[in-house]
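Visitor: Data: data16.cif, mmCIF, C-alpha atoms.
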data_start
loop_
_atom_site.label_atom_id
_atom_site.label_comp_id
_atom_site.auth_asym_id
_atom_site.auth_seq_id
_atom_site.Cartn_x
_atom_site.Cartn_y
_atom_site.Cartn_z
CA MET A 1 -26.28 15.12 9.41
CA ARG A 2 -24.63 12.63 11.79
CA SER A 3 -25.03 8.89 12.07
CA SER A 4 -26.22 7.70 15.50
CA LEU A 5 -23.75 4.82 15.32
CA ILE A 6 -20.76 6.89 14.17
CA GLU A 7 -21.14 10.34 15.68
CA ASN A 8 -17.93 12.03 14.53
CA TYR A 9 -18.57 11.57 10.78
CA SER A 10 -21.29 13.06 8.60
CA LEU A 11 -23.41 10.79 6.43
CA LEU A 12 -21.62 12.07 3.30
CA GLN A 13 -18.22 11.33 4.85
CA VAL A 14 -19.31 7.79 5.73
CA ILE A 15 -20.56 7.18 2.17
CA ILE A 16 -17.30 8.47 0.63
CA ILE A 17 -15.16 6.42 3.02
CA LEU A 18 -17.08 3.20 2.43
CA GLY A 19 -17.07 3.77 -1.34
CA THR A 20 -13.32 4.32 -1.22
CA TYR A 21 -12.87 1.04 0.68
CA PHE A 22 -14.71 -0.85 -2.07
CA PHE A 23 -12.89 0.84 -4.96
CA ALA A 24 -9.42 0.46 -3.44
CA SER A 25 -9.97 -3.18 -2.44
CA SER A 26 -11.13 -4.01 -5.98
CA ILE A 27 -7.88 -2.58 -7.36
CA LYS A 28 -5.94 -4.51 -4.73
CA GLY A 29 -7.69 -7.72 -5.72
CA ILE A 30 -6.50 -7.19 -9.30
CA THR A 31 -2.92 -6.01 -8.73
CA GLY A 32 -2.09 -7.10 -5.16
CA LEU A 33 -1.35 -3.52 -4.10
CA GLY A 34 -2.86 -0.09 -3.92
CA PHE A 35 -5.32 -0.24 -1.01
CA SER A 36 -3.73 2.27 1.36
CA THR A 37 -2.19 4.43 -1.33
CA ILE A 38 -5.45 4.75 -3.27
CA CYS A 39 -7.52 5.28 -0.12
CA LEU A 40 -5.28 7.93 1.42
CA PRO A 41 -5.84 10.86 -0.98
CA PHE A 42 -9.64 10.41 -0.86
CA MET A 43 -9.59 10.04 2.92
CA VAL A 44 -7.40 13.10 3.42
CA LEU A 45 -9.72 15.23 1.29
CA THR A 46 -12.73 13.89 3.24
CA VAL A 47 -11.61 13.93 6.89
CA GLY A 48 -8.00 15.21 6.97
CA LEU A 49 -4.69 13.37 7.37
CA LYS A 50 -4.71 12.61 11.11
CA ALA A 51 -8.27 11.25 10.98
CA ALA A 52 -7.55 9.32 7.77
CA LEU A 53 -4.55 7.30 8.93
CA PRO A 54 -6.39 5.24 11.60
CA LEU A 55 -9.19 4.47 9.11
CA LEU A 56 -6.70 2.62 6.91
CA ILE A 57 -5.05 0.25 9.38
CA ILE A 58 -7.75 -2.40 10.02
CA PRO A 59 -9.04 -2.70 6.41
CA SER A 60 -5.47 -2.59 5.07
CA LEU A 61 -4.31 -5.40 7.33
CA ALA A 62 -7.40 -7.48 6.52
CA SER A 63 -6.99 -7.01 2.76
CA ASN A 64 -3.27 -7.81 2.97
CA LEU A 65 -3.87 -11.05 4.85
CA ILE A 66 -6.61 -12.18 2.45
CA VAL A 67 -4.50 -11.47 -0.63
CA MET A 68 -1.47 -13.18 0.96
CA ARG A 69 -3.57 -16.30 1.56
CA GLN A 70 -4.79 -16.27 -2.05
CA ALA A 71 -1.31 -15.77 -3.52
CA GLY A 72 0.45 -18.68 -1.79
CA TYR A 73 4.27 -19.07 -1.71
CA PHE A 74 4.39 -17.47 1.75
CA ARG A 75 7.33 -19.44 3.21
CA THR A 76 9.49 -19.33 0.10
CA THR A 77 8.83 -15.60 -0.37
CA LEU A 78 9.55 -14.84 3.30
CA PHE A 79 12.81 -16.83 3.15
CA ARG A 80 13.89 -15.08 -0.07
CA PHE A 81 13.15 -11.50 1.05
CA TRP A 82 13.66 -11.59 4.82
CA HIS A 83 16.58 -9.14 4.53
CA MET A 84 14.39 -6.59 2.74
CA LEU A 85 11.62 -6.99 5.34
CA ILE A 86 13.92 -6.44 8.32
CA ALA A 87 15.33 -3.35 6.61
CA THR A 88 11.77 -2.12 5.96
CA ALA A 89 10.85 -2.44 9.64
CA LEU A 90 13.92 -0.45 10.68
CA GLY A 91 13.14 2.14 8.01
CA VAL A 92 9.56 2.68 9.23
CA CYS A 93 10.85 3.32 12.75
CA LEU A 94 13.34 5.85 11.38
CA GLY A 95 10.64 7.50 9.28
CA LEU A 96 8.33 7.90 12.27
CA MET A 97 11.20 9.42 14.27
CA LEU A 98 11.84 11.94 11.48
CA LEU A 99 8.16 12.75 10.95
CA ASP A 100 8.11 15.89 13.12
CA SER A 101 11.31 17.36 11.65
CA VAL A 102 10.61 16.92 7.93
CA ASP A 103 7.99 18.61 5.76
CA ASN A 104 6.10 15.47 4.77
CA LYS A 105 4.05 17.30 2.13
CA LEU A 106 7.22 18.33 0.31
CA ALA A 107 8.63 14.82 0.74
CA GLY A 108 5.42 13.38 -0.70
CA ALA A 109 5.51 15.76 -3.68
CA ILE A 110 9.10 14.82 -4.49
CA LEU A 111 8.21 11.15 -4.14
CA GLY A 112 5.24 11.62 -6.46
CA LEU A 113 7.41 13.22 -9.16
CA VAL A 114 10.02 10.47 -8.89
CA LEU A 115 7.29 7.85 -9.10
CA ILE A 116 5.78 9.41 -12.23
CA LEU A 117 9.20 9.43 -13.91
CA TRP A 118 9.78 5.81 -12.93
CA CYS A 119 6.38 4.69 -14.23
CA THR A 120 7.01 6.48 -17.51
CA PHE A 121 10.45 4.89 -17.87
CA SER A 122 9.12 1.42 -16.98
CA TYR A 123 6.36 1.74 -19.56
CA ILE A 124 8.86 2.74 -22.24
CA ALA A 125 11.46 0.11 -21.20
CA PRO A 126 9.43 -2.82 -19.76
CA ASN A 127 12.29 -5.37 -19.93
CA LEU A 128 14.45 -3.74 -17.26
CA LYS A 129 15.92 -6.50 -15.08
CA LEU A 130 17.96 -6.52 -11.88
CA PRO A 131 20.88 -9.02 -11.92
CA LEU A 132 20.44 -11.87 -9.43
CA GLU A 133 23.69 -11.11 -7.61
CA LYS A 134 22.44 -7.60 -6.80
CA GLU A 135 19.08 -8.77 -5.45
CA ARG A 136 20.03 -8.92 -1.75
CA PRO A 137 22.08 -5.70 -1.36
CA THR A 138 19.56 -3.77 -3.45
CA GLY A 139 16.73 -5.29 -1.40
CA ILE A 140 18.25 -4.04 1.86
CA ILE A 141 18.61 -0.51 0.46
CA SER A 142 15.08 -0.71 -0.96
CA GLY A 143 13.68 -1.86 2.38
CA ILE A 144 15.25 0.95 4.40
CA ALA A 145 14.19 3.57 1.85
CA THR A 146 10.63 2.17 1.64
CA GLY A 147 10.29 2.21 5.41
CA ILE A 148 11.54 5.78 5.81
CA ILE A 149 9.26 7.02 3.01
CA ASN A 150 6.32 5.16 4.57
CA GLY A 151 6.92 6.78 7.95
CA LEU A 152 7.12 10.23 6.37
CA THR A 153 4.36 10.07 3.74
CA GLY A 154 2.17 7.03 4.41
CA SER A 155 3.15 5.50 1.03
CA GLN A 156 4.31 1.88 1.16
CA VAL A 157 5.15 1.27 -2.50
CA ILE A 158 8.39 3.13 -3.27
CA PRO A 159 10.97 1.81 -3.91
CA CYS A 160 9.69 -1.61 -2.81
CA VAL A 161 7.38 -2.24 -5.79
CA PRO A 162 9.82 -1.03 -8.51
CA TYR A 163 12.54 -3.19 -6.93
CA LEU A 164 10.33 -6.30 -6.98
CA MET A 165 9.11 -5.54 -10.50
CA ALA A 166 12.73 -5.39 -11.70
CA LEU A 167 13.21 -8.99 -10.51
CA ASN A 168 10.57 -10.23 -12.99
CA LEU A 169 8.97 -12.46 -10.37
CA ASP A 170 6.08 -14.83 -10.86
CA ARG A 171 2.85 -12.85 -10.47
CA ASN A 172 1.85 -14.58 -7.22
CA VAL A 173 5.35 -14.29 -5.71
CA PHE A 174 5.34 -10.57 -6.53
CA ILE A 175 1.92 -10.16 -4.88
CA GLN A 176 3.03 -12.14 -1.82
CA ALA A 177 6.27 -10.18 -1.38
CA THR A 178 4.58 -6.78 -1.66
CA ASN A 179 1.84 -7.71 0.77
CA ILE A 180 4.20 -9.11 3.39
CA SER A 181 6.05 -5.79 3.22
CA PHE A 182 2.80 -3.80 3.42
CA THR A 183 1.55 -5.86 6.38
CA LEU A 184 4.77 -5.39 8.33
CA SER A 185 4.71 -1.64 7.69
CA SER A 186 1.02 -1.38 8.67
CA LEU A 187 1.60 -3.18 11.97
CA ILE A 188 4.40 -0.80 12.90
CA MET A 189 2.29 2.19 11.84
CA ALA A 190 -0.58 0.86 13.99
CA VAL A 191 1.67 0.84 17.05
CA GLY A 192 2.80 4.38 16.26
CA LEU A 193 -0.75 5.67 15.79
CA THR A 194 -1.82 4.01 19.05
CA ARG A 195 0.98 5.75 20.91
CA LEU A 196 -0.13 9.05 19.36
CA GLU A 197 -3.72 8.32 20.54
CA LEU A 198 -5.15 8.74 17.03
CA PHE A 199 -7.27 5.57 17.12
CA THR A 200 -10.82 6.54 18.14
CA LEU A 201 -13.81 4.31 18.81
CA ASP A 202 -15.66 5.80 15.82
CA ALA A 203 -12.68 5.11 13.53
CA ILE A 204 -12.63 1.48 14.68
CA LYS A 205 -16.42 1.12 14.15
CA LEU A 206 -16.26 2.59 10.64
CA SER A 207 -13.26 0.42 9.74
CA ILE A 208 -15.06 -2.74 10.87
CA ILE A 209 -18.19 -1.83 8.90
CA GLY A 210 -15.99 -1.17 5.87
CA LEU A 211 -14.54 -4.70 6.05
CA VAL A 212 -17.70 -6.04 4.37
CA LEU A 213 -17.10 -3.83 1.32
CA VAL A 214 -13.40 -4.69 1.37
CA LEU A 215 -14.24 -8.39 1.13
CA PHE A 216 -16.59 -7.81 -1.82
CA GLY A 217 -14.00 -5.65 -3.56
CA LEU A 218 -11.24 -8.23 -3.12
CA GLN A 219 -13.46 -10.97 -4.53
CA LEU A 220 -14.29 -8.85 -7.56
CA GLY A 221 -10.64 -8.05 -8.19
CA ALA A 222 -9.55 -11.67 -7.73
CA LYS A 223 -11.97 -12.75 -10.46
CA ILE A 224 -10.52 -10.20 -12.87
CA ARG A 225 -6.81 -10.88 -12.09
CA PRO A 226 -6.44 -14.30 -13.83
CA ARG A 227 -7.87 -12.84 -17.03
CA LEU A 228 -4.97 -10.40 -17.36
CA SER A 229 -1.91 -11.36 -19.39
CA PRO A 230 1.50 -10.74 -17.72
CA ALA A 231 1.92 -7.60 -19.83
CA ASN A 232 -1.51 -6.27 -18.88
CA PHE A 233 -0.92 -7.16 -15.22
CA ARG A 234 2.31 -5.12 -15.28
CA LEU A 235 0.45 -2.24 -16.94
CA ALA A 236 -2.25 -2.40 -14.23
CA VAL A 237 0.45 -2.17 -11.54
CA LEU A 238 2.01 0.84 -13.27
CA ILE A 239 -1.40 2.55 -13.47
CA VAL A 240 -1.91 2.06 -9.72
CA LEU A 241 1.54 3.51 -9.04
CA PHE A 242 0.83 6.47 -11.33
CA ILE A 243 -2.45 7.17 -9.51
CA THR A 244 -0.54 6.95 -6.22
CA ALA A 245 1.93 9.56 -7.49
CA LEU A 246 -0.89 11.91 -8.45
CA GLY A 247 -2.38 11.45 -4.98
CA LEU A 248 0.92 12.40 -3.34
CA LEU A 249 1.14 15.52 -5.50
CA LEU A 250 -2.46 16.40 -4.65
CA LYS A 251 -1.75 16.10 -0.93
CA ALA A 252 1.11 18.58 -1.31
CA THR A 253 -1.06 21.30 -2.88
#
Will you turn the file into structure tokens for me?

Guide:
Amino acid sequence: MRSSLIENYSLLQVIIILGTYFFASSIKGITGLGFSTICLPFMVLTVGLKAALPLLIIPSLASNLIVMRQAGYFRTTLFRFWHMLIATALGVCLGLMLLDSVDNKLAGAILGLVLILWCTFSYIAPNLKLPLEKERPTGIISGIATGIINGLTGSQVIPCVPYLMALNLDRNVFIQATNISFTLSSLIMAVGLTRLELFTLDAIKLSIIGLVLVLFGLQLGAKIRPRLSPANFRLAVLIVLFITALGLLLKAT
């Protein structure tokens, strides 16, 4: 059964996609991350990878911008992490260039395993800290690696999020820094998908309809976030990362 408004998706596919938008945006409202990485496994299983990627861009950018506005500290965060962000942009370009020559399923599976190990270690040793003098050089390396991995697998969180978590930032600064990185990566991915002619009119229509559910999900998550202690907030972030890792492994099977 096809919708008259969105002809290339079945009614069941539309319901799953819209439900995924709401669920992922609720998680993002709580932790500041997770929208694209939670959406992607469900989308891939529903419509396939090439059809899934364009469905993420518009809602992802919208959710990033809303969360960035809520978090504050934009100028100070941008000034502190500009080196990481420039490196991330270069890394995404490199990742997109390598996309055709690398088995991205295998890369995603390896990334998922590494991420599971890191989450386990961080849960066991939560007080891991990165010395201040190593923040900038490590940030540049993190940015390049995050960008390349994003271009190859669609995941925006590794090693960006572990790097920022190791700095023990204020919760809102952490959320702002991750979302600036995600937004930059999404914009570059949008340009790449446009050049590959993967954006369709139906994908744009469905994404715009989904924005309503994204807004509701973000509001729900934002109400829950202040009620979490710093320790529980960190645990929530680790859970999102762990789910992301499982999604990457699932994509590789």

Visitor: Taking the file as shown, find all residues satisfying the PyMOL selection byres ((chain A and resi 155) around 10) and write them as a ChimeraX atom specification.

Guide: /A:34,36-38,40,108,111-112,146-154,156-159,182,185,244-245,248

Visitor: A:Leu78, A:Leu213, A:Ile66, A:Met189: which is nearest Gly19 (chain A), counting all atoms listed in the file?

Guide: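 Result for the nearest residue to Gly19 (chain A): A:Leu213.
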
Visitor: What is the CA of Lys134 (chain A) to CA of Cys160 (chain A) distance in Å?

Guide: 14.6 Å

Visitor: For region 135-144 of chain A, find every residue with an atom within 12 Å (counting all atoms listed in the file), except residues of its own chain fewer than 5 positions away, and show them as a ChimeraX atom specification.

Guide: /A:79-95,129-130,149-151,156-169,177-178,180-182,184-185

Visitor: How many Å separate CA of Ser229 (chain A) from CA of Thr120 (chain A)?

Guide: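 Taking CA of Ser229 (chain A) as the start and CA of Thr120 (chain A) as the end point, the length is 20.0 Å.
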
Visitor: Identify which of the residues A:Lys50, A:Arg234, A:Lys28, A:Arg75 lies closest to Leu198 (chain A), counting all atoms listed in the file when measuring atom-to-atom distances.

Guide: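 Using all atoms listed in the file, Leu198 (chain A) sits closest to A:Lys50.
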
Visitor: With a distance cut-off of 8 Å and all atoms listed in the file, select the neighbouring residues of Val214 (chain A), excluding the residue or stretch itself and same-chain residues fewer than 5 positions from it, and output the selection as number ranges by chain.

Guide: A: 21-22, 25-26, 59, 63

Visitor: Have a look at A:Ile239, A:Ala190, A:Met97, A:Leu128 and name the one nearest to Leu33 (chain A); count only C-alpha atoms.

Guide: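 Under the stated criterion, the closest residue is A:Ile239.
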
Visitor: Near region 205-207 of chain A, within 9 Å and counting all atoms listed in the file, which residues show up once chain neighbours fewer than 4 positions away are dropped, as a list of chain:residue names?

Guide: A:Leu5, A:Ile6, A:Val14, A:Ile17, A:Leu18, A:Pro54, A:Leu55, A:Leu56, A:Ile57, A:Ile58, A:Pro59, A:Thr200, A:Leu201, A:Leu211

Visitor: Which distance in Å separates CA of Leu61 (chain A) and CA of Phe35 (chain A), to one decimal?

Guide: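 Those two atoms sit 9.9 Å apart.
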
Visitor: Rank A:Ala145, A:Gly247, A:Arg171, A:Leu98 by their smallest atom-to-atom distance to Ala231 (chain A), using only C-alpha atoms, and report the top residue only.

Guide: A:Arg171
